[in-house]
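File shown: protein.cif (mmCIF, C-alpha atoms).
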data_model
loop_
_atom_site.label_atom_id
_atom_site.label_comp_id
_atom_site.auth_asym_id
_atom_site.auth_seq_id
_atom_site.Cartn_x
_atom_site.Cartn_y
_atom_site.Cartn_z
CA MET Q 1 -5.31 55.42 -13.76
CA SER Q 2 -5.59 57.93 -16.61
CA LEU Q 3 -3.20 57.49 -19.51
CA GLY Q 4 -3.66 61.08 -20.65
CA SER Q 5 -1.16 63.83 -19.98
CA PRO Q 6 -1.96 67.33 -18.70
CA VAL Q 7 -1.27 70.16 -21.12
CA GLY Q 8 1.30 71.60 -18.73
CA LEU Q 9 3.41 68.44 -18.93
CA LEU Q 10 3.33 68.50 -22.72
CA ASP Q 11 4.37 72.15 -22.72
CA SER Q 12 7.27 71.34 -20.40
CA PHE Q 13 8.21 68.33 -22.50
CA GLU Q 14 8.26 70.31 -25.74
CA LYS Q 15 10.00 73.37 -24.32
CA GLY Q 16 12.64 71.18 -22.69
CA LEU Q 17 13.57 69.56 -25.99
CA GLU Q 18 13.37 72.87 -27.85
CA ARG Q 19 15.81 74.48 -25.42
CA ALA Q 20 18.17 71.49 -25.56
CA VAL Q 21 18.21 71.35 -29.35
CA ASN Q 22 18.56 75.10 -29.74
CA SER Q 23 21.49 75.17 -27.34
CA ALA Q 24 23.19 72.22 -29.00
CA PHE Q 25 22.62 73.39 -32.58
CA ALA Q 26 22.66 77.05 -33.60
CA LYS Q 27 20.42 76.30 -36.53
CA THR Q 28 16.98 77.54 -37.58
CA PHE Q 29 14.56 75.15 -39.24
CA ARG Q 30 12.56 77.34 -41.59
CA SER Q 31 10.49 74.56 -43.17
CA GLY Q 32 9.73 70.89 -42.71
CA ILE Q 33 9.56 68.95 -39.46
CA GLN Q 34 10.85 70.42 -36.20
CA PRO Q 35 12.69 68.36 -33.56
CA VAL Q 36 10.04 69.28 -31.00
CA GLU Q 37 7.34 67.76 -33.25
CA ILE Q 38 9.17 64.43 -33.23
CA ALA Q 39 9.27 64.58 -29.42
CA SER Q 40 5.52 65.28 -29.29
CA ALA Q 41 4.79 62.41 -31.70
CA LEU Q 42 6.79 59.99 -29.55
CA ARG Q 43 4.96 61.14 -26.43
CA ARG Q 44 1.58 60.64 -28.08
CA GLU Q 45 2.61 57.20 -29.28
CA VAL Q 46 3.64 56.17 -25.75
CA ASP Q 47 0.40 57.48 -24.24
CA THR Q 48 -1.71 55.77 -26.90
CA LYS Q 49 0.02 52.38 -26.69
CA ALA Q 50 0.61 52.22 -22.91
CA ALA Q 51 -1.33 49.29 -21.49
CA VAL Q 52 -2.23 48.18 -17.98
CA VAL Q 53 -0.83 44.66 -17.69
CA THR Q 54 -1.23 43.63 -14.06
CA ARG Q 55 -0.45 44.60 -10.48
CA ASP Q 56 -0.70 48.33 -11.11
CA ARG Q 57 1.97 48.18 -13.77
CA ILE Q 58 1.59 50.02 -17.07
CA ILE Q 59 3.83 48.80 -19.87
CA ALA Q 60 4.76 51.29 -22.60
CA PRO Q 61 6.34 50.50 -25.98
CA ASN Q 62 10.11 50.72 -26.00
CA SER Q 63 11.10 50.41 -29.67
CA PHE Q 64 10.26 53.31 -31.99
CA VAL Q 65 10.69 53.86 -35.72
CA VAL Q 66 10.20 57.51 -36.71
CA ARG Q 67 9.43 57.85 -40.43
CA LEU Q 68 10.15 61.18 -42.10
CA SER Q 69 10.26 62.57 -45.62
CA GLU Q 70 13.64 62.26 -47.32
CA ASP Q 71 14.33 66.00 -46.88
CA ASP Q 72 13.33 66.00 -43.21
CA HIS Q 73 15.31 62.85 -42.57
CA GLY Q 74 18.41 64.39 -44.11
CA ARG Q 75 18.16 67.44 -41.86
CA MET Q 76 17.44 65.44 -38.69
CA HIS Q 77 20.21 62.98 -39.53
CA GLY Q 78 22.56 65.94 -39.68
CA LEU Q 79 21.96 66.55 -35.97
CA GLY Q 80 23.63 63.23 -35.20
CA GLY Q 81 23.26 61.25 -31.99
CA ALA Q 82 22.59 64.32 -29.85
CA LEU Q 83 19.00 64.45 -31.11
CA THR Q 84 18.26 60.84 -30.16
CA ASP Q 85 20.00 61.41 -26.82
CA GLU Q 86 17.59 64.25 -26.06
CA LEU Q 87 14.57 62.30 -27.33
CA HIS Q 88 15.50 59.38 -25.09
CA ALA Q 89 16.01 61.54 -22.01
CA LEU Q 90 12.71 63.36 -22.40
CA LEU Q 91 10.78 60.20 -23.29
CA THR Q 92 12.15 58.50 -20.16
CA LYS Q 93 11.20 61.52 -18.03
CA HIS Q 94 7.66 61.50 -19.43
CA ALA Q 95 7.28 57.76 -18.76
CA ASP Q 96 8.49 58.21 -15.19
CA SER Q 97 5.98 61.02 -14.58
CA GLN Q 98 3.14 58.85 -15.89
CA GLY Q 99 4.17 55.69 -14.02
CA TYR Q 100 4.96 53.71 -17.17
CA SER Q 101 7.42 50.80 -17.20
CA PHE Q 102 9.54 49.70 -20.15
CA ALA Q 103 9.95 45.96 -20.72
CA GLY Q 104 13.33 46.38 -22.37
CA PRO Q 105 15.84 48.96 -23.62
CA ILE Q 106 14.53 51.99 -25.50
CA ALA Q 107 15.44 52.19 -29.21
CA ILE Q 108 14.67 55.22 -31.39
CA SER Q 109 15.32 54.97 -35.12
CA LEU Q 110 14.86 57.73 -37.73
CA GLU Q 111 14.09 56.46 -41.23
CA ALA Q 112 13.40 58.12 -44.56
CA ASP Q 113 10.12 57.18 -46.23
CA GLU Q 114 9.20 58.46 -49.68
CA LYS Q 115 5.51 58.09 -48.82
CA VAL Q 116 5.76 60.65 -45.98
CA THR Q 117 5.33 64.29 -46.98
CA THR Q 118 7.65 67.04 -45.79
CA GLY Q 119 6.65 68.38 -42.38
CA THR Q 120 4.93 65.12 -41.39
CA VAL Q 121 6.10 62.52 -38.89
CA ARG Q 122 4.88 58.95 -38.50
CA VAL Q 123 5.80 56.78 -35.53
CA HIS Q 124 5.61 52.98 -35.31
CA SER Q 125 6.22 51.30 -31.95
CA THR Q 126 6.55 47.81 -30.50
CA THR Q 127 7.03 46.40 -26.99
CA ALA Q 128 10.01 44.09 -26.40
CA GLU Q 129 8.86 41.39 -28.80
CA GLY Q 130 5.58 41.22 -26.91
CA ARG Q 131 6.90 39.02 -24.11
CA VAL Q 132 6.45 40.34 -20.59
CA THR Q 133 6.77 38.23 -17.46
CA TRP Q 134 6.90 39.19 -13.79
CA GLN Q 135 9.74 38.46 -11.40
CA ALA Q 136 9.60 38.79 -7.60
CA VAL Q 137 12.77 40.23 -6.05
CA LEU Q 138 14.16 41.41 -2.72
CA ASP Q 139 16.36 44.51 -2.77
CA VAL Q 140 18.81 44.54 0.16
CA ASP Q 141 21.65 47.04 0.65
CA GLY Q 142 21.90 47.81 -3.06
CA ARG Q 143 21.77 44.15 -4.13
CA ARG Q 144 18.85 42.50 -5.90
CA HIS Q 145 17.93 38.91 -4.99
CA PRO Q 146 15.53 37.19 -7.44
CA ILE Q 147 12.90 34.98 -5.78
CA THR Q 148 12.86 31.82 -7.87
CA GLN Q 149 11.23 29.30 -5.53
CA ALA Q 150 8.08 28.87 -3.49
CA ARG Q 151 9.85 29.45 -0.11
CA THR Q 152 12.70 31.91 0.31
CA VAL Q 153 14.23 31.97 3.79
CA ILE Q 154 15.83 35.17 5.05
CA GLY Q 155 18.26 35.18 7.98
CA ARG Q 156 21.76 35.36 9.39
CA GLY Q 157 22.56 31.68 8.91
CA SER Q 158 24.58 30.42 5.97
CA ASP Q 159 21.73 28.05 5.06
CA ALA Q 160 19.31 30.95 4.45
CA ASN Q 161 18.43 31.74 0.83
CA VAL Q 162 18.97 35.47 1.44
CA VAL Q 163 21.73 36.00 4.01
CA ILE Q 164 21.82 39.29 5.94
CA SER Q 165 24.66 40.29 8.25
CA ASP Q 166 22.62 41.79 11.05
CA ALA Q 167 23.11 40.92 14.72
CA GLY Q 168 19.41 41.59 15.28
CA SER Q 169 18.35 38.81 12.94
CA SER Q 170 17.92 35.12 13.69
CA ARG Q 171 19.63 32.41 11.68
CA ARG Q 172 16.30 31.57 10.01
CA HIS Q 173 14.37 34.75 10.64
CA ALA Q 174 11.51 34.92 8.13
CA GLU Q 175 10.41 33.53 4.81
CA VAL Q 176 8.75 34.87 1.68
CA LEU Q 177 6.17 32.60 0.05
CA TRP Q 178 5.67 33.21 -3.68
CA ASP Q 179 3.32 31.35 -6.07
CA GLY Q 180 4.17 33.32 -9.20
CA GLU Q 181 1.32 35.77 -8.70
CA ARG Q 182 1.02 36.55 -4.98
CA ALA Q 183 3.47 36.77 -2.11
CA MET Q 184 3.35 36.77 1.66
CA MET Q 185 5.85 37.03 4.52
CA ARG Q 186 5.90 34.67 7.49
CA ASP Q 187 8.05 35.17 10.59
CA LEU Q 188 9.82 31.92 11.57
CA GLY Q 189 9.68 32.46 15.34
CA SER Q 190 12.53 34.95 15.32
CA THR Q 191 13.82 36.50 18.54
CA ASN Q 192 13.26 40.14 17.55
CA GLY Q 193 10.34 39.77 15.16
CA THR Q 194 9.73 41.12 11.65
CA LYS Q 195 8.17 44.42 10.62
CA VAL Q 196 6.18 45.02 7.43
CA ASN Q 197 6.06 48.71 6.52
CA GLY Q 198 7.02 49.54 10.10
CA VAL Q 199 4.46 47.30 11.85
CA ARG Q 200 5.53 44.11 13.63
CA VAL Q 201 3.51 41.16 12.33
CA GLY Q 202 3.70 37.38 12.29
CA GLU Q 203 2.64 37.14 8.66
CA ALA Q 204 1.33 39.51 6.00
CA ALA Q 205 0.60 39.80 2.29
CA LEU Q 206 3.35 41.47 0.25
CA PRO Q 207 2.21 43.88 -2.44
CA THR Q 208 5.00 45.25 -4.61
CA ASP Q 209 7.24 47.91 -2.99
CA THR Q 210 6.63 46.57 0.53
CA THR Q 211 9.44 47.09 3.07
CA LEU Q 212 10.40 44.29 5.47
CA THR Q 213 12.55 45.24 8.47
CA ILE Q 214 14.70 42.61 10.16
CA GLY Q 215 16.86 43.99 12.95
CA ARG Q 216 18.24 47.18 11.41
CA THR Q 217 18.08 45.91 7.85
CA ASP Q 218 15.39 46.97 5.37
CA LEU Q 219 14.48 44.62 2.55
CA VAL Q 220 12.17 45.87 -0.20
CA PHE Q 221 9.94 43.32 -1.91
CA ARG Q 222 9.16 44.20 -5.53
CA ILE Q 223 7.53 42.63 -8.57
CA VAL Q 224 9.32 43.80 -11.71
CA PRO Q 225 8.70 43.25 -15.45
CA ILE Q 226 11.19 41.03 -17.23
CA ALA Q 227 11.37 40.68 -21.01
CA ALA Q 228 13.82 39.92 -23.79
CA PRO Q 229 15.30 43.19 -25.11
CA THR Q 230 14.64 44.28 -28.66
CA THR Q 231 17.47 44.92 -31.05
CA ALA Q 232 17.63 48.38 -32.53
CA PRO Q 233 18.28 48.75 -36.28
CA HIS Q 234 21.88 49.51 -37.22
CA ASP Q 235 21.69 53.19 -38.18
CA ASP Q 236 23.69 56.27 -37.24
CA ALA Q 237 20.55 57.89 -35.83
CA THR Q 238 19.56 54.88 -33.75
CA ARG Q 239 20.43 54.57 -30.08
CA ALA Q 240 19.55 51.77 -27.64
CA TYR Q 241 19.54 52.54 -23.93
CA GLY Q 242 19.29 50.38 -20.79
CA VAL Q 243 16.39 51.01 -18.41
CA ARG Q 244 16.85 50.83 -14.66
CA PRO Q 245 14.43 48.50 -12.83
CA GLN Q 246 11.43 50.21 -11.27
#
Since I need it in another form, could you write the structure as structure tokens?
Amino acid sequence: MSLGSPVGLLDSFEKGLERAVNSAFAKTFRSGIQPVEIASALRREVDTKAAVVTRDRIIAPNSFVVRLSEDDHGRMHGLGGALTDELHALLTKHADSQGYSFAGPIAISLEADEKVTTGTVRVHSTTAEGRVTWQAVLDVDGRRHPITQARTVIGRGSDANVVISDAGSSRRHAEVLWDGERAMMRDLGSTNGTKVNGVRVGEAALPTDTTLTIGRTDLVFRIVPIAAPTTAPHDDATRAYGVRPQ
């Protein structure tokens, strides 16, 4: 998978921020750094540091320190939290379009640096303290069930690990086998059978984002990144945001 971005996406990214900032602040920046240049620098940093980890997942850095000259920092700081709100929204949109995952909350901090010249931006990034692990889960009716053992039984019975209220399911309908790296589904001799991505099977491998159907209930098997969140610096221009699981 290419980590590069088409020019059209960059144009859209920059114009989107430019419109948002111009509408929020009736102010012309005649010299020094422009808000859109900070957005472009963050995008380039994400594209450069994004790394393929495993299982078709690309992890991007989620903690950013933007270093500006003292003059530029003073002007950007004057925009308040609205600037970092827009940067976060557009950075998240770019990551979604590229298929990147974040291992923790996004933090964007603007800092003054006397070594940076006016009109120049430097970005430093890190990824959730460098710790990324993978968790298997089953998403059912808006609820997420972590798979924490080698055998997870799904069914209508109270002794099942994942209980579904579906008259078309058996008490012990099927099981998911998980070894920490690979998963498979095995039907447990249920009355109505189990479908994997719409096909009735007795057993099947479970890549991430596979749909199991039991009765009229869909269960989506996923492998998601889990990591300890980073802590953003305490600064007026710093915002930390939660990231929804992908």
Counting all atoms listed in the file, what is within 9 Å of Ile58 in chain Q, bar same-chain residues fewer than 3 positions away, as an MDAnalysis selection string?
chainID Q and resid 50:55 99:102
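Against the coordinates shown, the PyMOL selection byres ((chain Q and resi 213) around 6) returns Thr194, Lys195, Leu212, Ile214, Thr217 and Asp218 of chain Q.
Selection result for the displayed file, with the PyMOL selection byres ((chain Q and resi 138) around 6) as criterion, is Q:Val137, Q:Asp139, Q:Arg144, Q:His145, Q:Val220, Q:Phe221.
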Go ahead and save the picked residues with C-alpha atoms, as a PDB file, in the frame of the given file.
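Below is the file that was written, part34.pdb:
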ATOM      1  CA  VAL Q 137      12.770  40.230  -6.050  1.00  0.00           C
ATOM      2  CA  ASP Q 139      16.360  44.510  -2.770  1.00  0.00           C
ATOM      3  CA  ARG Q 144      18.850  42.500  -5.900  1.00  0.00           C
ATOM      4  CA  HIS Q 145      17.930  38.910  -4.990  1.00  0.00           C
ATOM      5  CA  VAL Q 220      12.170  45.870  -0.200  1.00  0.00           C
ATOM      6  CA  PHE Q 221       9.940  43.320  -1.910  1.00  0.00           C
TER       7      PHE Q 221
END
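Comparing Q:Arg67, Q:Lys49, Q:Lys93, Q:Arg171 by their smallest distance to Thr126 in chain Q, the closest is Q:Lys49 (using only C-alpha atoms).
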Tell me which residues the PyMOL selection byres ((chain Q and resi 169) around 10) grabs here, as a PyMOL selection string.
chain Q and resi 154-157+163-168+170-174+190-194+213-217
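In terms of minimum interatomic distance to Ala89 in chain Q, Q:Ile106 ranks closest within Q:Ile106, Q:His73, Q:Asp113, Q:Arg200, counting only C-alpha atoms.
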Would you compute the distance between CA of His94 in chain Q and CA of Gly119 in chain Q? Give it in Å to one decimal.
24.0 Å
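Relative to CA of Val46 in chain Q, CA of Lys115 in chain Q is found at 23.2 Å.
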